[in-house]
Every structure is written in structure tokens, then in C-alpha cells.
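> Provided herewith: input.txt, compact mmCIF, C-alpha atoms and all ligand atoms.
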# COMPACT_ATOMS: atom_id res chain seq x y z
CA MET Z 1 -11.37 14.95 -4.96
CA LYS Z 2 -11.14 13.74 -1.38
CA SER Z 3 -8.27 14.76 0.78
CA ASN Z 4 -7.42 12.87 3.95
CA ARG Z 5 -5.62 14.31 6.85
CA VAL Z 6 -4.53 12.52 10.01
CA ILE Z 7 -4.49 14.35 13.31
CA GLN Z 8 -3.05 13.14 16.58
CA ILE Z 9 -4.82 13.73 19.83
CA ARG Z 10 -2.88 13.14 23.01
CA LEU Z 11 -5.15 11.54 25.54
CA GLN Z 12 -5.32 12.32 29.20
CA VAL Z 13 -7.79 9.83 30.54
CA SER Z 14 -8.88 8.19 33.77
CA THR Z 15 -7.30 4.93 34.92
CA THR Z 16 -10.43 2.97 34.05
CA LEU Z 17 -10.54 4.33 30.54
CA TRP Z 18 -6.83 3.73 30.16
CA GLN Z 19 -7.37 0.12 31.20
CA GLN Z 20 -10.21 -0.20 28.73
CA MET Z 21 -8.04 1.18 25.94
CA THR Z 22 -5.15 -1.10 26.82
CA ASP Z 23 -7.51 -4.08 26.76
CA ALA Z 24 -8.65 -3.14 23.27
CA ARG Z 25 -5.05 -2.84 22.10
CA LEU Z 26 -4.15 -6.20 23.64
CA GLU Z 27 -7.17 -7.84 22.07
CA SER Z 28 -6.26 -6.40 18.67
CA ALA Z 29 -2.76 -7.80 19.03
CA ARG Z 30 -4.26 -11.19 19.85
CA LEU Z 31 -6.24 -11.07 16.62
CA TRP Z 32 -3.22 -9.90 14.64
CA ASN Z 33 -0.98 -12.66 16.02
CA LYS Z 34 -3.61 -15.28 15.21
CA MET Z 35 -3.78 -14.01 11.64
CA VAL Z 36 0.00 -14.04 11.30
CA LYS Z 37 0.20 -17.62 12.58
CA LEU Z 38 -2.66 -18.91 10.49
CA HIS Z 39 -1.37 -17.37 7.32
CA LEU Z 40 2.12 -18.69 8.00
CA ARG Z 41 0.73 -22.19 8.41
CA PHE Z 42 -0.94 -22.03 5.02
CA ARG Z 43 2.25 -20.81 3.39
CA LYS Z 44 4.37 -23.46 5.08
CA HIS Z 45 2.21 -26.31 3.89
CA ASN Z 46 1.97 -24.87 0.41
CA ARG Z 47 -1.76 -24.70 0.68
CA LYS Z 48 -3.90 -22.24 -1.17
CA TRP Z 49 -3.87 -19.01 0.80
CA PRO Z 50 -7.13 -18.12 2.48
CA THR Z 51 -8.97 -15.12 1.14
CA GLN Z 52 -9.98 -12.06 3.08
CA ALA Z 53 -13.60 -13.22 3.14
CA GLN Z 54 -12.57 -16.57 4.61
CA PHE Z 55 -10.58 -14.82 7.30
CA GLU Z 56 -13.53 -12.58 8.09
CA LYS Z 57 -15.79 -15.58 8.45
CA HIS Z 58 -13.26 -17.45 10.56
CA PHE Z 59 -12.53 -14.64 13.00
CA ALA Z 60 -16.01 -13.15 13.31
CA ARG Z 61 -17.37 -12.85 16.86
CA LYS Z 62 -14.29 -14.41 18.41
CA PHE Z 63 -12.78 -11.30 19.91
CA ARG Z 64 -13.78 -8.61 22.33
CA LEU Z 65 -13.83 -6.10 19.52
CA HIS Z 66 -16.50 -4.56 17.35
CA SER Z 67 -17.19 -6.62 14.23
CA GLN Z 68 -16.20 -3.67 12.07
CA THR Z 69 -12.93 -3.31 13.95
CA ILE Z 70 -12.19 -6.98 13.34
CA GLN Z 71 -12.90 -6.48 9.65
CA ALA Z 72 -10.73 -3.39 9.51
CA LEU Z 73 -7.81 -5.25 11.08
CA ILE Z 74 -8.25 -8.16 8.69
CA GLY Z 75 -8.28 -5.62 5.86
CA LYS Z 76 -5.05 -4.15 7.16
CA PHE Z 77 -3.47 -7.58 7.34
CA PHE Z 78 -4.40 -8.36 3.76
CA ALA Z 79 -3.19 -5.00 2.52
CA ASN Z 80 0.10 -5.88 4.18
CA ILE Z 81 0.23 -9.29 2.48
CA ASP Z 82 -0.60 -7.69 -0.88
CA SER Z 83 2.10 -5.06 -0.69
CA THR Z 84 4.68 -7.67 0.30
CA CYS Z 85 3.59 -9.75 -2.71
CA THR Z 86 4.05 -6.78 -5.03
CA ASN Z 87 7.42 -5.89 -3.53
CA ARG Z 88 8.64 -9.43 -3.92
CA ALA Z 89 7.36 -9.61 -7.48
CA ASN Z 90 9.26 -6.40 -8.16
CA GLY Z 91 12.47 -8.01 -7.07
CA ASP Z 92 12.74 -7.06 -3.42
CA LYS Z 93 13.53 -10.45 -1.99
CA ARG Z 94 13.97 -9.08 1.50
CA ALA Z 95 10.33 -8.05 1.76
CA ARG Z 96 8.71 -10.15 4.47
CA TYR Z 97 5.16 -11.08 5.18
CA PRO Z 98 3.92 -10.07 8.63
CA TYR Z 99 5.83 -12.27 11.05
CA LYS Z 100 6.36 -10.33 14.26
CA GLU Z 101 4.41 -11.21 17.32
CA LYS Z 102 2.84 -8.06 18.70
CA THR Z 103 2.06 -7.27 22.29
CA TYR Z 104 -0.15 -4.35 21.38
CA PHE Z 105 -1.84 -3.48 18.15
CA ASN Z 106 -3.82 -0.36 17.34
CA PRO Z 107 -7.51 -1.11 16.93
CA VAL Z 108 -9.20 0.74 14.09
CA TRP Z 109 -12.74 2.06 13.72
CA LYS Z 110 -14.14 3.14 10.41
CA GLY Z 111 -16.81 5.41 9.01
CA GLN Z 112 -20.24 5.08 10.53
CA HIS Z 113 -19.06 3.10 13.53
CA ILE Z 114 -17.44 6.16 14.95
CA LYS Z 115 -20.12 8.06 16.77
CA GLN Z 116 -19.85 11.64 17.82
CA ASP Z 117 -21.73 13.18 20.65
CA ASN Z 118 -20.97 16.83 21.27
CA ASN Z 119 -17.35 16.87 22.31
CA TYR Z 120 -17.09 13.14 22.68
CA ILE Z 121 -16.13 10.46 20.26
CA ILE Z 122 -17.60 7.04 20.90
CA LEU Z 123 -15.81 3.92 19.72
CA PRO Z 124 -18.04 0.84 20.06
CA MET Z 125 -16.54 -2.42 21.28
CA GLY Z 126 -19.01 -5.11 20.23
CA ILE Z 127 -20.23 -8.16 22.10
CA ASP Z 128 -18.09 -10.27 24.39
CA PRO Z 129 -17.77 -13.77 22.85
CA HIS Z 130 -17.92 -15.46 26.29
CA SER Z 131 -20.33 -13.53 28.46
CA ARG Z 132 -22.49 -12.46 25.50
CA LYS Z 133 -22.68 -9.03 27.06
CA ARG Z 134 -22.09 -5.85 25.16
CA ASN Z 135 -18.76 -4.34 26.06
CA LEU Z 136 -18.59 -0.76 27.10
CA ALA Z 137 -17.73 1.57 24.28
CA ILE Z 138 -14.61 3.67 24.55
CA CYS Z 139 -15.65 7.23 25.05
CA VAL Z 140 -13.02 9.90 24.54
CA ARG Z 141 -13.32 13.62 24.93
CA LEU Z 142 -12.06 15.58 21.96
CA PRO Z 143 -10.18 18.84 22.27
CA GLU Z 144 -12.13 22.01 21.54
CA GLN Z 145 -10.77 22.54 18.11
CA ILE Z 146 -10.36 19.81 15.60
CA PRO Z 147 -10.17 20.55 11.88
CA GLN Z 148 -13.40 20.66 9.91
CA GLY Z 149 -14.42 17.58 7.99
CA LYS Z 150 -15.76 14.08 8.27
CA ILE Z 151 -14.04 11.64 10.62
CA VAL Z 152 -13.52 8.54 8.49
CA GLN Z 153 -11.13 6.58 10.67
CA ALA Z 154 -10.08 6.41 14.29
CA GLU Z 155 -7.05 4.50 15.48
CA LEU Z 156 -6.15 3.96 19.10
CA ALA Z 157 -2.40 4.17 19.66
CA PHE Z 158 -0.45 4.29 22.91
CA GLY Z 159 -1.87 7.32 24.74
CA LYS Z 160 -2.92 8.79 21.43
CA LEU Z 161 -5.95 8.84 19.24
CA LEU Z 162 -5.32 9.15 15.52
CA LEU Z 163 -8.22 10.58 13.59
CA THR Z 164 -8.39 10.65 9.82
CA ILE Z 165 -10.42 13.61 8.69
CA GLN Z 166 -11.70 13.79 5.17
CA ASN Z 167 -12.59 16.85 3.16
CA GLU Z 168 -13.85 17.33 -0.34
CA ILE Z 169 -11.56 19.60 -2.26
CA GLU Z 170 -12.16 21.10 -5.63
CA VAL Z 171 -9.45 20.37 -8.13
CA GLU Z 172 -9.08 22.54 -11.13
CA LYS Z 173 -7.56 20.54 -13.92
CA PRO Z 174 -5.18 22.24 -16.32
CA LYS Z 175 -7.21 23.02 -19.41
CA VAL Z 176 -4.73 22.24 -22.13
CA GLU Z 177 -2.90 18.96 -22.30
CA LYS Z 178 0.73 19.51 -21.50
CA ILE Z 179 3.12 16.73 -20.66
CA ALA Z 180 6.37 16.96 -18.75
CA ALA Z 181 8.82 14.24 -17.79
CA SER Z 182 10.99 13.63 -14.80
CA ASP Z 183 14.13 11.57 -14.61
CA LEU Z 184 14.80 10.18 -11.15
CA GLY Z 185 18.29 9.50 -9.96
CA SER Z 186 20.83 9.94 -7.25
CA ILE Z 187 23.10 12.82 -8.28
CA HIS Z 188 19.96 14.71 -8.96
CA LEU Z 189 16.97 13.46 -7.11
CA ALA Z 190 14.84 14.46 -10.07
CA VAL Z 191 15.10 16.49 -13.23
CA VAL Z 192 11.77 17.73 -14.58
CA THR Z 193 11.38 19.15 -18.04
CA ASP Z 194 8.63 20.39 -20.30
CA SER Z 195 11.22 20.53 -23.14
CA THR Z 196 11.74 24.29 -22.74
CA ASN Z 197 12.61 24.79 -19.09
CA SER Z 198 14.09 22.20 -16.79
CA LEU Z 199 14.31 21.97 -13.06
CA ALA Z 200 16.92 19.85 -11.34
CA LEU Z 201 16.62 18.95 -7.68
CA VAL Z 202 20.02 18.36 -6.21
CA GLY Z 203 20.25 15.05 -4.38
CA ARG Z 204 23.24 15.90 -2.25
CA GLY Z 205 21.19 16.50 0.88
CA LEU Z 206 19.86 12.98 0.68
CA ARG Z 207 23.28 11.50 0.16
CA SER Z 208 24.77 13.40 3.04
CA ILE Z 209 22.01 12.13 5.33
CA ASN Z 210 22.76 8.57 4.30
CA GLN Z 211 26.49 9.01 4.60
CA GLY Z 212 26.10 10.52 8.06
CA LYS Z 213 23.89 7.62 9.03
CA ALA Z 214 26.30 4.98 7.76
CA LYS Z 215 29.17 6.61 9.60
CA ALA Z 216 27.34 6.91 12.90
CA LEU Z 217 26.05 3.34 12.70
CA ALA Z 218 29.51 2.02 11.94
CA GLN Z 219 30.89 3.83 14.98
CA ILE Z 220 28.26 2.32 17.21
CA SER Z 221 28.77 -1.17 15.84
CA GLN Z 222 32.44 -0.84 16.62
CA LEU Z 223 31.69 0.21 20.17
CA GLN Z 224 29.23 -2.65 20.47
CA SER Z 225 31.79 -5.17 19.36
CA ARG Z 226 33.79 -4.28 22.44
CA CYS Z 227 31.07 -5.08 24.92
CA GLU Z 228 29.22 -8.23 25.75
CA LYS Z 229 26.15 -8.89 23.69
CA TYR Z 230 22.85 -8.00 25.40
CA SER Z 231 24.70 -6.33 28.28
CA ARG Z 232 23.37 -3.10 29.65
CA ARG Z 233 25.82 -1.04 27.63
CA TRP Z 234 25.15 -3.03 24.49
CA LYS Z 235 21.46 -2.35 24.87
CA LYS Z 236 22.06 1.35 25.35
CA LEU Z 237 24.07 1.43 22.17
CA GLN Z 238 21.34 -0.47 20.41
CA ALA Z 239 18.83 2.14 21.53
CA THR Z 240 21.06 4.87 20.11
CA LYS Z 241 21.20 2.99 16.85
CA ARG Z 242 17.43 2.94 16.65
CA LYS Z 243 17.34 6.62 17.47
CA ILE Z 244 19.70 7.39 14.61
CA LEU Z 245 17.66 5.31 12.20
CA ARG Z 246 14.48 7.04 13.23
CA LYS Z 247 16.04 10.45 12.96
CA THR Z 248 17.57 9.89 9.53
CA GLN Z 249 14.31 8.47 8.32
CA ASN Z 250 12.49 11.60 9.43
CA GLN Z 251 15.11 13.76 7.75
CA THR Z 252 14.83 11.76 4.53
CA HIS Z 253 11.06 11.99 4.46
CA ASN Z 254 11.17 15.70 5.21
CA LEU Z 255 13.56 16.22 2.32
CA LEU Z 256 11.48 14.10 -0.05
CA HIS Z 257 8.36 16.06 0.89
CA LYS Z 258 10.09 19.32 0.12
CA ALA Z 259 11.51 18.03 -3.14
CA ALA Z 260 8.07 16.78 -4.19
CA ASN Z 261 6.61 20.19 -3.34
CA GLU Z 262 9.14 21.84 -5.64
CA ILE Z 263 8.10 19.60 -8.50
CA VAL Z 264 4.44 20.29 -7.78
CA ASN Z 265 5.16 24.03 -7.87
CA TYR Z 266 6.92 23.60 -11.18
CA CYS Z 267 3.98 21.66 -12.65
CA LYS Z 268 1.53 24.23 -11.36
CA GLU Z 269 3.48 27.13 -12.78
CA LYS Z 270 3.91 25.49 -16.17
CA GLU Z 271 0.33 24.15 -16.17
CA VAL Z 272 1.42 20.59 -16.71
CA SER Z 273 -1.47 18.13 -17.07
CA LYS Z 274 0.60 14.96 -16.95
CA LEU Z 275 3.99 14.16 -15.49
CA VAL Z 276 5.82 11.12 -16.77
CA VAL Z 277 8.37 9.51 -14.46
CA GLY Z 278 10.74 6.62 -15.02
CA ASP Z 279 9.30 3.28 -13.96
CA ILE Z 280 11.05 2.47 -10.70
CA THR Z 281 9.90 -1.14 -10.53
CA GLU Z 282 11.87 -1.65 -13.70
CA ILE Z 283 15.03 -0.36 -12.06
CA ASN Z 284 14.40 -2.75 -9.22
CA ARG Z 285 14.14 -5.71 -11.54
CA ASN Z 286 17.40 -4.88 -13.26
CA LYS Z 287 19.12 -4.41 -9.95
CA LYS Z 288 21.73 -7.04 -10.61
CA LYS Z 289 22.65 -5.66 -13.97
CA LYS Z 290 25.08 -2.84 -14.32
CA SER Z 291 22.54 -0.66 -16.08
CA SER Z 292 21.14 0.57 -12.80
CA ARG Z 293 24.44 1.48 -11.24
CA ARG Z 294 23.52 5.13 -11.34
CA LEU Z 295 21.13 4.30 -8.55
CA ASN Z 296 23.80 3.39 -6.08
CA GLN Z 297 23.03 2.32 -2.57
CA GLU Z 298 23.26 5.89 -1.34
CA MET Z 299 19.95 6.63 -2.92
CA GLY Z 300 17.97 3.67 -1.72
CA LEU Z 301 15.25 2.39 -3.96
CA LEU Z 302 13.01 2.58 -0.99
CA SER Z 303 13.35 6.37 -0.88
CA LEU Z 304 12.53 6.55 -4.57
CA GLY Z 305 9.33 4.60 -4.05
CA VAL Z 306 8.34 6.89 -1.19
CA PHE Z 307 9.20 9.90 -3.32
CA VAL Z 308 7.01 8.76 -6.21
CA GLY Z 309 4.21 8.11 -3.72
CA TYR Z 310 4.43 11.66 -2.37
CA LEU Z 311 4.55 13.05 -5.90
CA LYS Z 312 1.47 11.14 -6.90
CA TYR Z 313 -0.85 12.43 -4.21
CA LYS Z 314 0.56 15.93 -4.21
CA LEU Z 315 0.15 16.19 -7.97
CA ALA Z 316 -3.38 14.78 -7.77
CA ALA Z 317 -4.32 17.72 -5.57
CA ILE Z 318 -3.46 20.16 -8.38
CA GLY Z 319 -5.06 18.01 -11.08
CA THR Z 320 -1.87 16.68 -12.61
CA GLU Z 321 -1.68 13.03 -13.50
CA LEU Z 322 1.40 10.93 -12.81
CA GLU Z 323 2.38 8.14 -15.13
CA SER Z 324 5.25 5.66 -14.93
CA TYR Z 325 7.01 4.88 -18.15
CA SER Z 326 9.94 2.69 -19.08
CA GLU Z 327 13.10 4.76 -19.09
CA SER Z 328 15.39 2.32 -20.87
CA TYR Z 329 18.02 3.96 -23.10
CA THR Z 330 16.87 7.46 -22.13
CA THR Z 331 20.25 8.34 -20.66
CA LYS Z 332 22.24 6.73 -23.44
CA THR Z 333 20.56 7.99 -26.59
CA CYS Z 334 21.69 11.16 -28.30
CA PRO Z 335 18.68 13.47 -28.71
CA ALA Z 336 20.15 14.94 -31.91
CA CYS Z 337 21.12 11.86 -33.94
CA GLY Z 338 19.84 8.88 -31.98
CA HIS Z 339 23.28 7.33 -31.54
CA LYS Z 340 23.54 5.26 -28.37
CA HIS Z 341 26.51 5.44 -26.07
CA LYS Z 342 27.13 5.52 -22.38
CA PRO Z 343 27.99 9.04 -21.26
CA LYS Z 344 30.86 9.63 -18.86
CA GLY Z 345 30.70 12.37 -16.28
CA ARG Z 346 27.95 14.91 -15.93
CA GLN Z 347 27.99 16.01 -19.52
CA TYR Z 348 26.51 14.27 -22.51
CA HIS Z 349 28.84 14.38 -25.44
CA CYS Z 350 27.86 12.51 -28.57
CA PRO Z 351 30.89 11.01 -30.35
CA LYS Z 352 28.97 10.73 -33.62
CA CYS Z 353 27.43 14.15 -34.20
CA GLY Z 354 29.19 16.24 -31.58
CA PHE Z 355 26.06 17.18 -29.62
CA ILE Z 356 26.84 18.47 -26.13
CA GLY Z 357 24.27 18.72 -23.38
CA VAL Z 358 23.63 18.44 -19.65
CA ARG Z 359 23.39 14.73 -18.98
CA ASP Z 360 20.46 14.83 -16.58
CA GLU Z 361 18.46 17.09 -18.84
CA VAL Z 362 19.13 14.72 -21.73
CA GLY Z 363 17.67 11.87 -19.68
CA ALA Z 364 14.50 13.77 -18.84
CA ILE Z 365 14.04 15.14 -22.38
CA ASN Z 366 14.52 11.68 -23.86
CA LEU Z 367 11.96 10.24 -21.49
CA LEU Z 368 9.48 12.89 -22.64
CA ASN Z 369 10.41 12.21 -26.25
CA LYS Z 370 9.97 8.48 -25.77
CA PHE Z 371 6.59 8.92 -24.09
CA LEU Z 372 5.29 11.29 -26.77
CA ASN Z 373 6.48 9.02 -29.58
CA LYS Z 374 5.05 5.86 -28.02
CA GLY Z 375 8.21 4.12 -26.92
CA GLU Z 376 10.63 5.42 -29.50
CA ILE Z 377 13.14 8.20 -28.99
CA LYS Z 378 12.85 10.25 -32.17
CA PRO Z 379 16.07 12.09 -32.94
CA GLN Z 380 15.80 15.83 -33.57
CA SER Z 381 12.24 16.08 -32.24
CA LEU Z 382 13.19 17.34 -28.78
CA ILE Z 383 16.56 18.96 -28.25
CA PRO Z 384 17.67 19.93 -24.74
CA LYS Z 385 18.28 23.65 -24.53
CA GLY Z 386 20.48 23.62 -21.46
CA ASN Z 387 17.91 25.70 -19.59
CA VAL Z 388 18.31 24.01 -16.24
CA LYS Z 389 17.54 25.59 -12.93
CA TYR Z 390 19.16 23.88 -9.98
CA LEU Z 391 17.42 23.71 -6.65
CA ARG Z 392 18.23 22.20 -3.31
CA PRO Z 393 15.14 20.98 -1.52
CA VAL Z 394 16.77 21.66 1.84
CA ARG Z 395 19.76 23.77 2.72
CA LEU Z 396 22.73 21.45 2.76
CA LYS Z 397 24.44 23.29 5.60
CA ASP Z 398 21.59 22.46 7.94
CA PHE Z 399 21.79 18.84 7.04
CA ALA Z 400 25.50 18.48 7.43
CA LYS Z 401 25.12 20.01 10.86
CA ARG Z 402 22.11 18.01 11.90
CA SER Z 403 23.24 14.65 10.70
CA SER Z 404 26.58 14.78 12.45
CA PRO Z 405 26.92 11.93 14.93
CA THR Z 406 27.64 14.30 17.83
CA ASP Z 407 24.12 15.55 17.60
CA ILE Z 408 22.53 12.17 18.00
CA GLY Z 409 23.93 11.42 21.39
CA LEU Z 410 27.24 9.81 20.62
CA PRO Z 411 29.31 11.79 23.16
CA SER Z 412 27.49 10.08 25.98
CA ILE Z 413 28.55 6.77 24.51
CA HIS Z 414 32.17 7.68 24.71
CA VAL Z 415 31.72 8.37 28.39
CA LEU Z 416 29.77 5.18 28.66
CA CYS Z 417 32.63 3.11 27.37
CA ALA Z 418 35.35 4.95 29.21
CA ASP Z 419 34.21 3.64 32.56
CA GLY Z 420 34.62 0.05 31.57
ZN ZN B 1 24.51 12.54 -31.76
Please go through the file and, once you have read it, give me the structure as C-alpha cells.

Amino acid sequence: MKSNRVIQIRLQVSTTLWQQMTDARLESARLWNKMVKLHLRFRKHNRKWPTQAQFEKHFARKFRLHSQTIQALIGKFFANIDSTCTNRANGDKRARYPYKEKTYFNPVWKGQHIKQDNNYIILPMGIDPHSRKRNLAICVRLPEQIPQGKIVQAELAFGKLLLTIQNEIEVEKPKVEKIAASDLGSIHLAVVTDSTNSLALVGRGLRSINQGKAKALAQISQLQSRCEKYSRRWKKLQATKRKILRKTQNQTHNLLHKAANEIVNYCKEKEVSKLVVGDITEINRNKKKKSSRRLNQEMGLLSLGVFVGYLKYKLAAIGTELESYSESYTTKTCPACGHKHKPKGRQYHCPKCGFIGVRDEVGAINLLNKFLNKGEIKPQSLIPKGNVKYLRPVRLKDFAKRSSPTDIGLPSIHVLCADG
């Protein structure tokens, strides 16, 4: 299996080289903006959307960029369009196609077009469409130690070079087929079970991040309502808002990474060959119905998608497959008699046969049951044993402390507003 790793190299370069890099980033933005406009025009007039090949033909040799860079950017644009299409098809009506006009855009070089000469990396720039002269390649000195592996992509960001380094890694697949299931939710981020032992990851950390965020943002909005829009103070508050959003996003992703690692450890320890998770696109589609209320806004669907993404690649590295499966009725069905009812509270209590179990474990076990029996939850075949280990991906205390508004620079705002 191939594993990709992105490293960031901070660049300290001469003024000339800086100028050259800025030019490349401006030129990439010019290409990007043209693509955005052109695609928008096709959508507006209800015309058949151009294909990637048509775009490549249209934009070839029209920019001061290497032909491969142009292709890479077109590829990026189309990947963007595709993912928006999928998100919209899955019910996310707020998903937008690329629309923003960019001032700068990161040019990308791929594979063989990145040349290496001793400590230098050479990024070719192609032929100038007007003067027909070959542009000078961007030549950057690399630090002494970069990780071993093949450089497959280089991206030029503001004062930074992002290198994607690829390595072949050997994956040892679990020998026997063993399937486990995971129920995703908000009270518990995930409950994994192999029908004997279950692991529940407590979702409170995630909720407290989101609550802290909502509170801080509300405070700022209130302060903003008192000052004139676009005034200096308003803009400062706006900057703080962005800072909070960025910070909470980092915290969320950090937590999701840790939670995914816990699940990977569980699968490794139990030698699980396949992990079945509830189909999250399905939840998205039923968003308007009450059935998905357990996924309240505190646990955004977005985070779930990111979480499943992390799980997928992390599990692939240990040879475990991830499969999505419809989770309808898994929380409602009694694993002992098959009676369906909506459980109240955190316990599952069947009114028909008297079965009592941990609700989240019931959900995960039923999902496993349903997957193994091809879409049918067979009563009596898998009974939850109540063997649940609870884990917090991140210590809650740290989060409560870190996500408090005072830490994100709110005190200065109070001062800010006191003088006017
Ligand atoms: Zn029952």
C-alpha cells in the first residue's frame, strides 16, 4: 500500500525568487478564476457542462505555467465540482460550486515534473504564451533533512512549499475474516463491537467544543451589533470570529483523529478484518425526518464525514476494510425478540420480552447482525453482553479549559468596546 505524507517547508528566499513565486501564484489564480467563470456560464445557461478534457484543451498554453501545472489545477477544479455534486446529491443543499474569486492560488506540480538536483528542487514553469520564451523554473533549496520517499507533489503556498512524499508500506492483512460494526452518533461518537467486547468513545468532548464555539460566537455577534458595520472595531471582531472558527476546527479534527486512532487500536487488537459503519449519506438524506434527531446539530454531519474519512485511511494502513451499511432500525429493534420500539434514555428496555441492554451497544450489535444476515436483524443471533468499555478520546478537562472564550482573545474585545 502507498502512504502519502505532506510536509511543510518554510521558505526563506531572495526577493527575485519571491517575486517569481508570487507571479506563479497570481497566474494560477488567473487560471482558477477563468475556470470558475466559464463553468458558471455553462451552468447559468443550462448548457451541457464541459468535461475535464475540454477544459484542458481550452486552457492549454494560455498561461505562464507549466502544461502539467495547468492540468493539475484543472484536475483540482473538477475534483471540487465532483465533490460538490456528490454533497448536493446527498442532500447538502448548501454545498456550493467554486465561486470565489481568488487573488492567489497555489500552483501544483506533479510526479516527474518535479526535478531534484542535490539539495534543490526544481519546479518548471513552461513557455510564455506571448514571448514564446521558456520561463525560468522555480528553484528552491530544500532543508538538510526531509523524510525518505518519493516526492509526488509539490504545492507552492504563501512562503511555504508543501511536498507530498510517498512511501510503500507493507500491510499485513488479518488472516481470519472477522467483522465488527460501529454505530456513529452524538452521545457517543462511536460504539464499536465484535459482539463480545464493545468500545464506546464518549462524544462529550466534541459537544463541549461546539457549545463553547456557539457561545463565543454569540457573544461576538452581540458586540458587533453595537458597532457600525465594516468599522474598524467591527472588522476586529470579525477577525476574532474567524480565529475562533479556525481554533475550534483544529480542536475538532484533533479529537476526531484521536478517536479514530482508538478504533484502529481496537480493530488491531481484536484482529478485525472488516469494520461496518452506518451509512452517513443515508442520515443526511433523512435529515428532515425525525428519525435522525439523535444526530442533533451539536454533532455536525460534517464532522461525521470527516471522521469516517479518517477511519477509512487509518484502517487501510492496518489492512482492515471499511464498509458503509444502512443502519435503519438498528437502534429500535430488540436483539432478543425482534420487537421494534423507540427506546427512551440511554437504556434499551424491550416492553415485549423484557430484554435490558445498553442502548448504544444494542445499536452497534444490531448493525453487525444486520450486516451478517444480509439486511435482516435476526433475533437471538447476537445478544449484547453489556461488555462496554468507555473511552474519552481527549481529556474533557483540557477541552473545557481550552475552549473557553477567555482563551481566544475575548478580554481584549471588552476593552475594545469600553472606549467607545
Ligand atoms: Zn424483546
> What do you get as a list in words if you pick all residues at most 9 Å from ligand ZN 1 (chain B), counting only C-alpha atoms and all ligand atoms?
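For ligand ZN 1 (chain B), the residues inside 9 Å are Thr333, Cys334, Pro335, Ala336, Cys337, Gly338, His339, Lys340, His349, Cys350, Pro351, Lys352, Cys353, Gly354, Phe355, Ile356 and Pro379 of chain Z.
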> So, counting only C-alpha atoms, which residue among Z:Ile70, Z:Cys227, Z:Leu184, Z:Leu311 is closest to Thr330 in chain Z?
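Answer, going by the shortest atom-to-atom distance: Z:Leu184.
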> Hey, can you check how far CA of Asp128 in chain Z sits from CA of Asp23 in chain Z?
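Interatomic distance here is 12.5 Å.
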> Could you list, as a VMD selection string, every residue within 12 Å of Phe77 in chain Z, counting all atoms listed in the file and ignoring same-chain residues fewer than 6 positions away?
chain Z and resid 28 to 29 31 to 39 51 to 52 55 to 56 70 to 71 83 to 84 97 to 99 105
> Which residue out of Z:Ile165, Z:Ala218, Z:Val388, Z:Leu382 has the minimum interatomic distance to Leu367 in chain Z when all atoms listed in the file are used?
Z:Leu382
> Just give me the gap between CA of Asn265 in chain Z and CA of Lys247 in chain Z in Å, one decimal is fine.
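It comes out at 27.1 Å.
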> Using all atoms listed in the file, which of the listed residues (Z:Ala60, Z:Ile169, Z:Ala259, Z:Leu368) sits closest to Thr196 in chain Z?
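Using all atoms listed in the file, Thr196 in chain Z sits closest to Z:Leu368.
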> Quick one: pull the distance between CA of Lys215 in chain Z and CA of Ala190 in chain Z, Å, one decimal.
25.6 Å
> Would you list the contacts of range 361-365 of chain Z as a list in words, taking every protein, DNA or RNA residue within 7 Å and counting all atoms listed in the file, but skipping same-chain residues closer than 3 positions in sequence?
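Residues meeting the cut-off are Ala181, Ser182, Asp183, Val191, Val192, Thr193, Ser195, Thr330, Thr331, Gly357, Val358, Leu368, Asn369, Leu382 and Pro384 of chain Z.
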> Check the smallest atom-to-atom distance from each of Z:Ile263, Z:Ile187, Z:Ile81, Z:Leu217 to Arg43 in chain Z using all atoms listed in the file, then report the winner.
Z:Ile81
> Using all atoms listed in the file, determine which residues lie at most 7 Å from Asn4 in chain Z, disregarding the query and same-chain residues fewer than 3 positions distant; provide the list as a PyMOL selection string.
chain Z and resi 164-167
> Extract, using only C-alpha atoms, all DNA, RNA and protein residues at most 8 Å from Pro174 in chain Z, discarding same-chain residues fewer than 5 positions from it, and format them as a list in words.
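In the requested format, the answer is Glu271, Val272, Ser273, Gly319 and Thr320 of chain Z.
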> Could the residues in this selection be saved with C-alpha atoms as a CSV table (one decimal), keeping the file's coordinate frame?

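Saved as again.csv:
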chain,number,residue,atom,x,y,z
Z,271,GLU,CA,0.3,24.2,-16.2
Z,272,VAL,CA,1.4,20.6,-16.7
Z,273,SER,CA,-1.5,18.1,-17.1
Z,319,GLY,CA,-5.1,18.0,-11.1
Z,320,THR,CA,-1.9,16.7,-12.6
> So that I can check the surroundings of Ile114 in chain Z, please list as a list of chain:residue names every protein, DNA and RNA residue that reaches within 8 Å of it, counting all atoms listed in the file and ignoring chain neighbours fewer than 3 positions away.
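The filter keeps Z:Trp109, Z:Lys110, Z:Gly111, Z:Ile121, Z:Ile122, Z:Leu123, Z:Pro124, Z:Ile151, Z:Val152, Z:Gln153, Z:Ala154.
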> Z:Val176, Z:Leu206, Z:Val13, Z:Ala95: which is nearest Ile138 in chain Z, counting all atoms listed in the file?
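Among Z:Val176, Z:Leu206, Z:Val13, Z:Ala95, it is Z:Val13 that comes nearest to Ile138 in chain Z.
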> When distances are computed from only C-alpha atoms, which of Z:Lys344, Z:Lys115, Z:Lys2, Z:Arg232 shows the smallest separation from Glu170 in chain Z?
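The shortest atom-to-atom distance to Glu170 in chain Z comes from Z:Lys2.
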